[in-house]
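S.K.: Sharing final_22.cif, mmCIF, C-alpha atoms:
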```cif
data_model
loop_
_atom_site.group_PDB
_atom_site.id
_atom_site.type_symbol
_atom_site.label_atom_id
_atom_site.label_comp_id
_atom_site.auth_asym_id
_atom_site.auth_seq_id
_atom_site.Cartn_x
_atom_site.Cartn_y
_atom_site.Cartn_z
ATOM 1 C CA MET A 1 -32.295 41.691 102.928
ATOM 2 C CA SER A 2 -32.795 42.376 99.231
ATOM 3 C CA THR A 3 -35.075 40.177 97.168
ATOM 4 C CA LYS A 4 -33.938 41.768 93.918
ATOM 5 C CA GLN A 5 -32.685 39.220 91.387
ATOM 6 C CA PRO A 6 -29.408 39.975 89.565
ATOM 7 C CA THR A 7 -29.999 41.325 86.095
ATOM 8 C CA VAL A 8 -29.145 38.934 83.281
ATOM 9 C CA PRO A 9 -27.147 40.839 80.640
ATOM 10 C CA ARG A 10 -28.987 41.785 77.464
ATOM 11 C CA GLY A 11 -26.643 39.708 75.291
ATOM 12 C CA ILE A 12 -27.402 36.600 77.349
ATOM 13 C CA ARG A 13 -31.159 37.209 77.159
ATOM 14 C CA ASN A 14 -30.832 37.687 73.369
ATOM 15 C CA ASN A 15 -28.469 34.710 72.833
ATOM 16 C CA ASN A 16 -26.159 37.364 71.379
ATOM 17 C CA PRO A 17 -22.811 36.878 73.157
ATOM 18 C CA LEU A 18 -20.993 39.801 71.504
ATOM 19 C CA ASN A 19 -23.991 42.159 71.286
ATOM 20 C CA ILE A 20 -24.328 42.380 67.509
ATOM 21 C CA ARG A 21 -26.483 45.325 66.564
ATOM 22 C CA LEU A 22 -29.716 44.774 64.666
ATOM 23 C CA THR A 23 -29.343 45.777 60.997
ATOM 24 C CA ALA A 24 -30.870 44.684 57.718
ATOM 25 C CA THR A 25 -28.659 41.565 57.785
ATOM 26 C CA ARG A 26 -30.700 38.426 58.470
ATOM 27 C CA TRP A 27 -28.320 36.055 60.205
ATOM 28 C CA VAL A 28 -28.831 32.305 60.146
ATOM 29 C CA GLY A 29 -30.454 31.337 63.435
ATOM 30 C CA MET A 30 -32.079 34.691 64.198
ATOM 31 C CA ARG A 31 -35.396 34.565 65.982
ATOM 32 C CA ALA A 32 -38.297 35.193 63.611
ATOM 33 C CA ASN A 33 -39.691 37.864 65.915
ATOM 34 C CA GLN A 34 -37.059 40.436 66.913
ATOM 35 C CA THR A 35 -38.416 42.179 70.011
ATOM 36 C CA ASP A 36 -35.179 44.017 70.896
ATOM 37 C CA LYS A 37 -35.049 47.012 68.578
ATOM 38 C CA GLY A 38 -31.306 47.576 69.068
ATOM 39 C CA PHE A 39 -29.625 44.171 69.081
ATOM 40 C CA CYS A 40 -30.055 40.847 67.265
ATOM 41 C CA GLN A 41 -31.814 37.979 68.990
ATOM 42 C CA TYR A 42 -30.885 34.387 68.139
ATOM 43 C CA CYS A 43 -32.676 31.072 68.609
ATOM 44 C CA SER A 44 -29.726 29.689 70.564
ATOM 45 C CA MET A 45 -26.417 30.882 71.931
ATOM 46 C CA ALA A 46 -24.599 28.723 69.355
ATOM 47 C CA TYR A 47 -26.195 30.760 66.547
ATOM 48 C CA GLY A 48 -25.228 33.977 68.334
ATOM 49 C CA TRP A 49 -21.646 32.745 68.457
ATOM 50 C CA ARG A 50 -21.882 31.756 64.791
ATOM 51 C CA ALA A 51 -22.816 35.312 63.832
ATOM 52 C CA ALA A 52 -20.019 36.730 65.992
ATOM 53 C CA PHE A 53 -17.425 34.463 64.376
ATOM 54 C CA MET A 54 -18.764 35.236 60.889
ATOM 55 C CA LEU A 55 -18.225 38.928 61.592
ATOM 56 C CA LEU A 56 -14.766 38.351 63.051
ATOM 57 C CA PHE A 57 -13.785 36.206 60.053
ATOM 58 C CA SER A 58 -14.974 38.922 57.671
ATOM 59 C CA TYR A 59 -12.990 41.511 59.641
ATOM 60 C CA TYR A 60 -9.875 39.395 59.081
ATOM 61 C CA HIS A 61 -10.417 38.157 55.523
ATOM 62 C CA LYS A 62 -12.526 40.872 53.879
ATOM 63 C CA HIS A 63 -11.471 44.006 55.751
ATOM 64 C CA GLY A 64 -7.866 43.043 56.538
ATOM 65 C CA LEU A 65 -8.203 43.717 60.273
ATOM 66 C CA LYS A 66 -5.538 41.589 61.915
ATOM 67 C CA THR A 67 -4.784 43.168 65.285
ATOM 68 C CA VAL A 68 -6.807 43.382 68.490
ATOM 69 C CA ARG A 69 -6.705 47.185 68.138
ATOM 70 C CA ASP A 70 -8.059 47.141 64.565
ATOM 71 C CA ILE A 71 -10.777 44.594 65.326
ATOM 72 C CA ILE A 72 -12.045 46.239 68.523
ATOM 73 C CA SER A 73 -11.852 49.727 66.986
ATOM 74 C CA ARG A 74 -14.327 48.574 64.353
ATOM 75 C CA TRP A 75 -16.395 46.367 66.698
ATOM 76 C CA ALA A 76 -16.853 48.983 69.413
ATOM 77 C CA PRO A 77 -16.003 52.395 67.930
ATOM 78 C CA PRO A 78 -15.978 55.538 70.055
ATOM 79 C CA SER A 79 -18.641 56.987 67.709
ATOM 80 C CA ASP A 80 -21.104 54.463 69.238
ATOM 81 C CA GLY A 81 -20.359 55.769 72.725
ATOM 82 C CA ASN A 82 -17.849 53.021 73.569
ATOM 83 C CA ASP A 83 -14.673 53.400 75.589
ATOM 84 C CA THR A 84 -12.702 51.673 72.838
ATOM 85 C CA GLU A 85 -9.337 52.031 74.558
ATOM 86 C CA LYS A 86 -10.649 50.393 77.733
ATOM 87 C CA TYR A 87 -12.236 47.612 75.639
ATOM 88 C CA ILE A 88 -8.902 46.986 73.878
ATOM 89 C CA ARG A 89 -6.991 46.893 77.188
ATOM 90 C CA SER A 90 -9.559 44.484 78.664
ATOM 91 C CA VAL A 91 -9.366 42.091 75.709
ATOM 92 C CA VAL A 92 -5.549 42.097 75.773
ATOM 93 C CA HIS A 93 -5.684 41.469 79.540
ATOM 94 C CA HIS A 94 -8.077 38.519 79.079
ATOM 95 C CA LEU A 95 -5.939 37.077 76.284
ATOM 96 C CA PHE A 96 -2.858 37.310 78.499
ATOM 97 C CA TRP A 97 -4.773 35.730 81.364
ATOM 98 C CA LEU A 98 -5.833 32.798 79.136
ATOM 99 C CA ASP A 99 -2.276 32.124 77.958
ATOM 100 C CA GLN A 100 0.573 34.032 79.564
ATOM 101 C CA HIS A 101 2.937 32.831 76.824
ATOM 102 C CA LEU A 102 0.936 34.466 74.021
ATOM 103 C CA LYS A 103 2.613 37.863 74.373
ATOM 104 C CA VAL A 104 -0.424 39.491 72.754
ATOM 105 C CA THR A 105 -0.484 43.273 72.635
ATOM 106 C CA ASP A 106 -3.062 45.550 71.077
ATOM 107 C CA LYS A 107 -0.915 45.644 67.904
ATOM 108 C CA SER A 108 0.001 41.948 67.679
ATOM 109 C CA ILE A 109 -0.885 40.417 64.328
ATOM 110 C CA LEU A 110 -3.431 37.616 64.751
ATOM 111 C CA ASP A 111 -2.979 34.514 62.617
ATOM 112 C CA ASN A 112 -5.521 33.292 60.096
ATOM 113 C CA PRO A 113 -8.505 31.630 61.842
ATOM 114 C CA ARG A 114 -7.969 28.546 59.684
ATOM 115 C CA GLU A 115 -4.433 28.156 61.015
ATOM 116 C CA LYS A 116 -4.993 29.020 64.686
ATOM 117 C CA PRO A 117 -8.666 28.659 65.566
ATOM 118 C CA TRP A 118 -7.868 28.531 69.304
ATOM 119 C CA LEU A 119 -6.620 32.128 69.095
ATOM 120 C CA TRP A 120 -9.998 33.207 67.681
ATOM 121 C CA PHE A 121 -11.865 31.286 70.412
ATOM 122 C CA SER A 122 -9.712 33.201 72.883
ATOM 123 C CA LEU A 123 -10.355 36.555 71.212
ATOM 124 C CA ALA A 124 -14.109 35.976 71.047
ATOM 125 C CA THR A 125 -14.369 34.796 74.654
ATOM 126 C CA ALA A 126 -12.267 37.784 75.801
ATOM 127 C CA MET A 127 -14.688 40.054 73.921
ATOM 128 C CA PHE A 128 -17.576 38.187 75.563
ATOM 129 C CA MET A 129 -16.129 38.950 79.001
ATOM 130 C CA VAL A 130 -16.164 42.660 78.157
ATOM 131 C CA GLU A 131 -19.584 42.611 76.483
ATOM 132 C CA GLN A 132 -21.324 40.529 79.161
ATOM 133 C CA GLY A 133 -19.565 41.843 82.245
ATOM 134 C CA GLY A 134 -17.860 38.622 83.254
ATOM 135 C CA TYR A 135 -20.985 36.466 82.871
ATOM 136 C CA ASP A 136 -20.142 32.792 82.244
ATOM 137 C CA TYR A 137 -20.240 31.267 78.772
ATOM 138 C CA ASP A 138 -20.762 27.639 77.788
ATOM 139 C CA LEU A 139 -17.711 26.352 75.900
ATOM 140 C CA ASN A 140 -19.934 23.931 73.920
ATOM 141 C CA ASP A 141 -21.882 26.920 72.562
ATOM 142 C CA VAL A 142 -18.647 28.678 71.580
ATOM 143 C CA LEU A 143 -17.310 25.573 69.825
ATOM 144 C CA SER A 144 -20.643 24.905 68.095
ATOM 145 C CA GLY A 145 -20.835 28.505 66.921
ATOM 146 C CA PHE A 146 -17.264 28.376 65.628
ATOM 147 C CA ALA A 147 -17.945 25.130 63.730
ATOM 148 C CA LEU A 148 -21.101 26.581 62.168
ATOM 149 C CA ALA A 149 -19.304 29.790 61.183
ATOM 150 C CA TYR A 150 -16.160 28.085 59.951
ATOM 151 C CA ASN A 151 -18.106 25.730 57.690
ATOM 152 C CA ASP A 152 -20.418 28.472 56.404
ATOM 153 C CA TYR A 153 -17.582 30.942 55.821
ATOM 154 C CA LYS A 154 -15.558 28.314 53.954
ATOM 155 C CA VAL A 155 -18.520 27.519 51.694
ATOM 156 C CA TYR A 156 -19.159 31.263 51.182
ATOM 157 C CA ASN A 157 -15.518 31.893 50.229
ATOM 158 C CA ASP A 158 -15.385 28.853 47.953
ATOM 159 C CA LEU A 159 -18.518 30.055 46.133
ATOM 160 C CA ASN A 160 -17.144 33.588 45.739
ATOM 161 C CA LEU A 161 -13.798 32.296 44.479
ATOM 162 C CA ASN A 162 -15.553 30.059 41.965
ATOM 163 C CA ASN A 163 -17.749 32.936 40.753
ATOM 164 C CA SER A 164 -14.836 35.347 40.273
#
```
As a first step, turn the structure in this file into structure tokens.
M.R.:
Amino acid sequence: MSTKQPTVPRGIRNNNPLNIRLTATRWVGMRANQTDKGFCQYCSMAYGWRAAFMLLFSYYHKHGLKTVRDIISRWAPPSDGNDTEKYIRSVVHHLFWLDQHLKVTDKSILDNPREKPWLWFSLATAMFMVEQGGYDYDLNDVLSGFALAYNDYKVYNDLNLNNS
């Protein structure tokens, strides 16, 4: 009989559902003391989801990445030691599993997050399943993170449009 406890994934311990790497960017909701030298740590899972959605929104709006293939290729590039092709296949599989009528492929164009937010919830939770090895997520955290990101991104875009 083993007394070894199952290991909680790093992203769960860090409240970082999509394993965002630690950079010079100071995300809203980051813990003041970052003890993980490789990945961001957030005060709550909702703030980790917020950061993930902010990045995904910028991929779509700022960088013009509109397919699962484009998004995952940037999120988890082979140059970081990722099996990007496997990641893409897994996300497409999870998206199909969530809604078999979606007909999402790795090259399907994703709609604007403002028009189809449910598709972005689905994408992010599919990415979570890959990043956290099937660990469960709390839908309230996902929805809270999306609301925080959506409101902040809208304000950010409105300010940038007004300062153009």
S.K.: Do you know which residues the PyMOL selection byres ((chain A and resi 64-78) around 6) returns on this file, as a VMD selection string?
M.R.: chain A and resid 59 to 63 79 to 82 84 106 to 110
S.K.: Hey, what comes out of the PyMOL selection byres ((chain A and resi 121-123) around 8) on this file? Could you write it as a ChimeraX atom specification?
M.R.: /A:91,95,98,117-120,124-127,142-143,146
S.K.: Restrict the selected residues to C-alpha atoms and save them as a compact mmCIF listing (two decimals), in the frame of the given file.
M.R.:
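Generated file (result14.txt):
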```txt
# COMPACT_ATOMS: atom_id res chain seq x y z
CA VAL A 91 -9.37 42.09 75.71
CA LEU A 95 -5.94 37.08 76.28
CA LEU A 98 -5.83 32.80 79.14
CA PRO A 117 -8.67 28.66 65.57
CA TRP A 118 -7.87 28.53 69.30
CA LEU A 119 -6.62 32.13 69.10
CA TRP A 120 -10.00 33.21 67.68
CA ALA A 124 -14.11 35.98 71.05
CA THR A 125 -14.37 34.80 74.65
CA ALA A 126 -12.27 37.78 75.80
CA MET A 127 -14.69 40.05 73.92
CA VAL A 142 -18.65 28.68 71.58
CA LEU A 143 -17.31 25.57 69.82
CA PHE A 146 -17.26 28.38 65.63
```
S.K.: Report as a PDB file with C-alpha atoms, in the frame of the given file the residues that result from applying the PyMOL selection byres ((chain A and resi 148) around 12) to the structure here.
M.R.:
```
ATOM      1  CA  VAL A  28     -28.831  32.305  60.146  1.00  0.00           C
ATOM      2  CA  GLY A  29     -30.454  31.337  63.435  1.00  0.00           C
ATOM      3  CA  MET A  45     -26.417  30.882  71.931  1.00  0.00           C
ATOM      4  CA  ALA A  46     -24.599  28.723  69.355  1.00  0.00           C
ATOM      5  CA  TYR A  47     -26.195  30.760  66.547  1.00  0.00           C
ATOM      6  CA  GLY A  48     -25.228  33.977  68.334  1.00  0.00           C
ATOM      7  CA  TRP A  49     -21.646  32.745  68.457  1.00  0.00           C
ATOM      8  CA  ARG A  50     -21.882  31.756  64.791  1.00  0.00           C
ATOM      9  CA  ALA A  51     -22.816  35.312  63.832  1.00  0.00           C
ATOM     10  CA  ALA A  52     -20.019  36.730  65.992  1.00  0.00           C
ATOM     11  CA  PHE A  53     -17.425  34.463  64.376  1.00  0.00           C
ATOM     12  CA  MET A  54     -18.764  35.236  60.889  1.00  0.00           C
ATOM     13  CA  ASP A 141     -21.882  26.920  72.562  1.00  0.00           C
ATOM     14  CA  VAL A 142     -18.647  28.678  71.580  1.00  0.00           C
ATOM     15  CA  LEU A 143     -17.310  25.573  69.825  1.00  0.00           C
ATOM     16  CA  SER A 144     -20.643  24.905  68.095  1.00  0.00           C
ATOM     17  CA  GLY A 145     -20.835  28.505  66.921  1.00  0.00           C
ATOM     18  CA  PHE A 146     -17.264  28.376  65.628  1.00  0.00           C
ATOM     19  CA  ALA A 147     -17.945  25.130  63.730  1.00  0.00           C
ATOM     20  CA  ALA A 149     -19.304  29.790  61.183  1.00  0.00           C
ATOM     21  CA  TYR A 150     -16.160  28.085  59.951  1.00  0.00           C
ATOM     22  CA  ASN A 151     -18.106  25.730  57.690  1.00  0.00           C
ATOM     23  CA  ASP A 152     -20.418  28.472  56.404  1.00  0.00           C
ATOM     24  CA  TYR A 153     -17.582  30.942  55.821  1.00  0.00           C
ATOM     25  CA  LYS A 154     -15.558  28.314  53.954  1.00  0.00           C
ATOM     26  CA  VAL A 155     -18.520  27.519  51.694  1.00  0.00           C
TER      27      VAL A 155
END
```
S.K.: Mind listing whatever residues come within 8 Å of the point (-30.4, 38.8, 73.2)? Use only C-alpha atoms, file coordinates, and give them as a PyMOL selection string.
M.R.: chain A and resi 10-17+19+36+39-42
S.K.: Figure out the distance between atom CA of A:Ile88 and atom CA of A:Asn140, please, to one decimal in Å.
M.R.: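 Interatomic distance here is 25.6 Å.
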S.K.: Which value, in Å to one decimal, gives the distance between atom CA of A:Ile20 and atom CA of A:Leu55?
M.R.: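 Pair atom CA of A:Ile20 / atom CA of A:Leu55 returns 9.2 Å.
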S.K.: Calculate how many Å separate atom CA of A:Ala24 from atom CA of A:Glu131, rounding to one decimal.
M.R.: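 Here the two named atoms are 22.0 Å from each other.
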S.K.: Using the structure block above, produce a file of stretch 81-132 of chain A that contains C-alpha atoms, as a short mmCIF file (atom, residue, chain, number, x, y, z; two decimals), in the first residue's frame.
M.R.:
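Listing of part-v2.cif after writing:
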```cif
data_model
loop_
_atom_site.label_atom_id
_atom_site.label_comp_id
_atom_site.auth_asym_id
_atom_site.auth_seq_id
_atom_site.Cartn_x
_atom_site.Cartn_y
_atom_site.Cartn_z
CA GLY A 81 10.45 21.89 -25.78
CA ASN A 82 6.71 21.40 -26.38
CA ASP A 83 5.09 18.78 -28.57
CA THR A 84 3.05 21.47 -30.31
CA GLU A 85 1.37 19.10 -32.75
CA LYS A 86 0.16 16.85 -29.92
CA TYR A 87 -1.05 19.93 -28.00
CA ILE A 88 -3.02 21.11 -31.06
CA ARG A 89 -4.58 17.66 -31.58
CA SER A 90 -5.53 17.47 -27.89
CA VAL A 91 -7.20 20.90 -27.90
CA VAL A 92 -9.16 20.09 -31.07
CA HIS A 93 -10.20 16.76 -29.50
CA HIS A 94 -11.40 18.52 -26.32
CA LEU A 95 -13.28 21.13 -28.33
CA PHE A 96 -15.00 18.39 -30.32
CA TRP A 97 -15.80 16.54 -27.11
CA LEU A 98 -17.39 19.68 -25.61
CA ASP A 99 -19.60 20.28 -28.65
CA GLN A 100 -19.69 17.67 -31.39
CA HIS A 101 -21.49 20.12 -33.68
CA LEU A 102 -18.66 22.66 -33.62
CA LYS A 103 -16.69 21.02 -36.44
CA VAL A 104 -13.52 22.66 -35.14
CA THR A 105 -10.27 21.69 -36.82
CA ASP A 106 -6.79 23.00 -36.18
CA LYS A 107 -7.32 25.53 -39.01
CA SER A 108 -10.88 26.63 -38.19
CA ILE A 109 -11.20 30.38 -37.81
CA LEU A 110 -12.33 31.29 -34.29
CA ASP A 111 -14.86 34.10 -33.95
CA ASN A 112 -14.20 37.32 -32.06
CA PRO A 113 -14.35 36.74 -28.27
CA ARG A 114 -16.90 39.55 -28.01
CA GLU A 115 -19.24 37.73 -30.38
CA LYS A 116 -18.79 34.15 -29.14
CA PRO A 117 -17.35 34.15 -25.63
CA TRP A 118 -18.45 30.52 -25.07
CA LEU A 119 -16.01 29.44 -27.80
CA TRP A 120 -13.15 31.11 -25.90
CA PHE A 121 -14.24 29.47 -22.62
CA SER A 122 -14.10 26.18 -24.50
CA LEU A 123 -10.68 26.90 -25.99
CA ALA A 124 -9.23 27.96 -22.65
CA THR A 125 -10.65 24.97 -20.77
CA ALA A 126 -9.37 22.62 -23.51
CA MET A 127 -5.93 24.20 -23.09
CA PHE A 128 -6.28 23.77 -19.32
CA MET A 129 -6.90 20.04 -19.80
CA VAL A 130 -3.62 19.77 -21.70
CA GLU A 131 -1.65 22.02 -19.34
CA GLN A 132 -2.94 20.46 -16.11
#
```
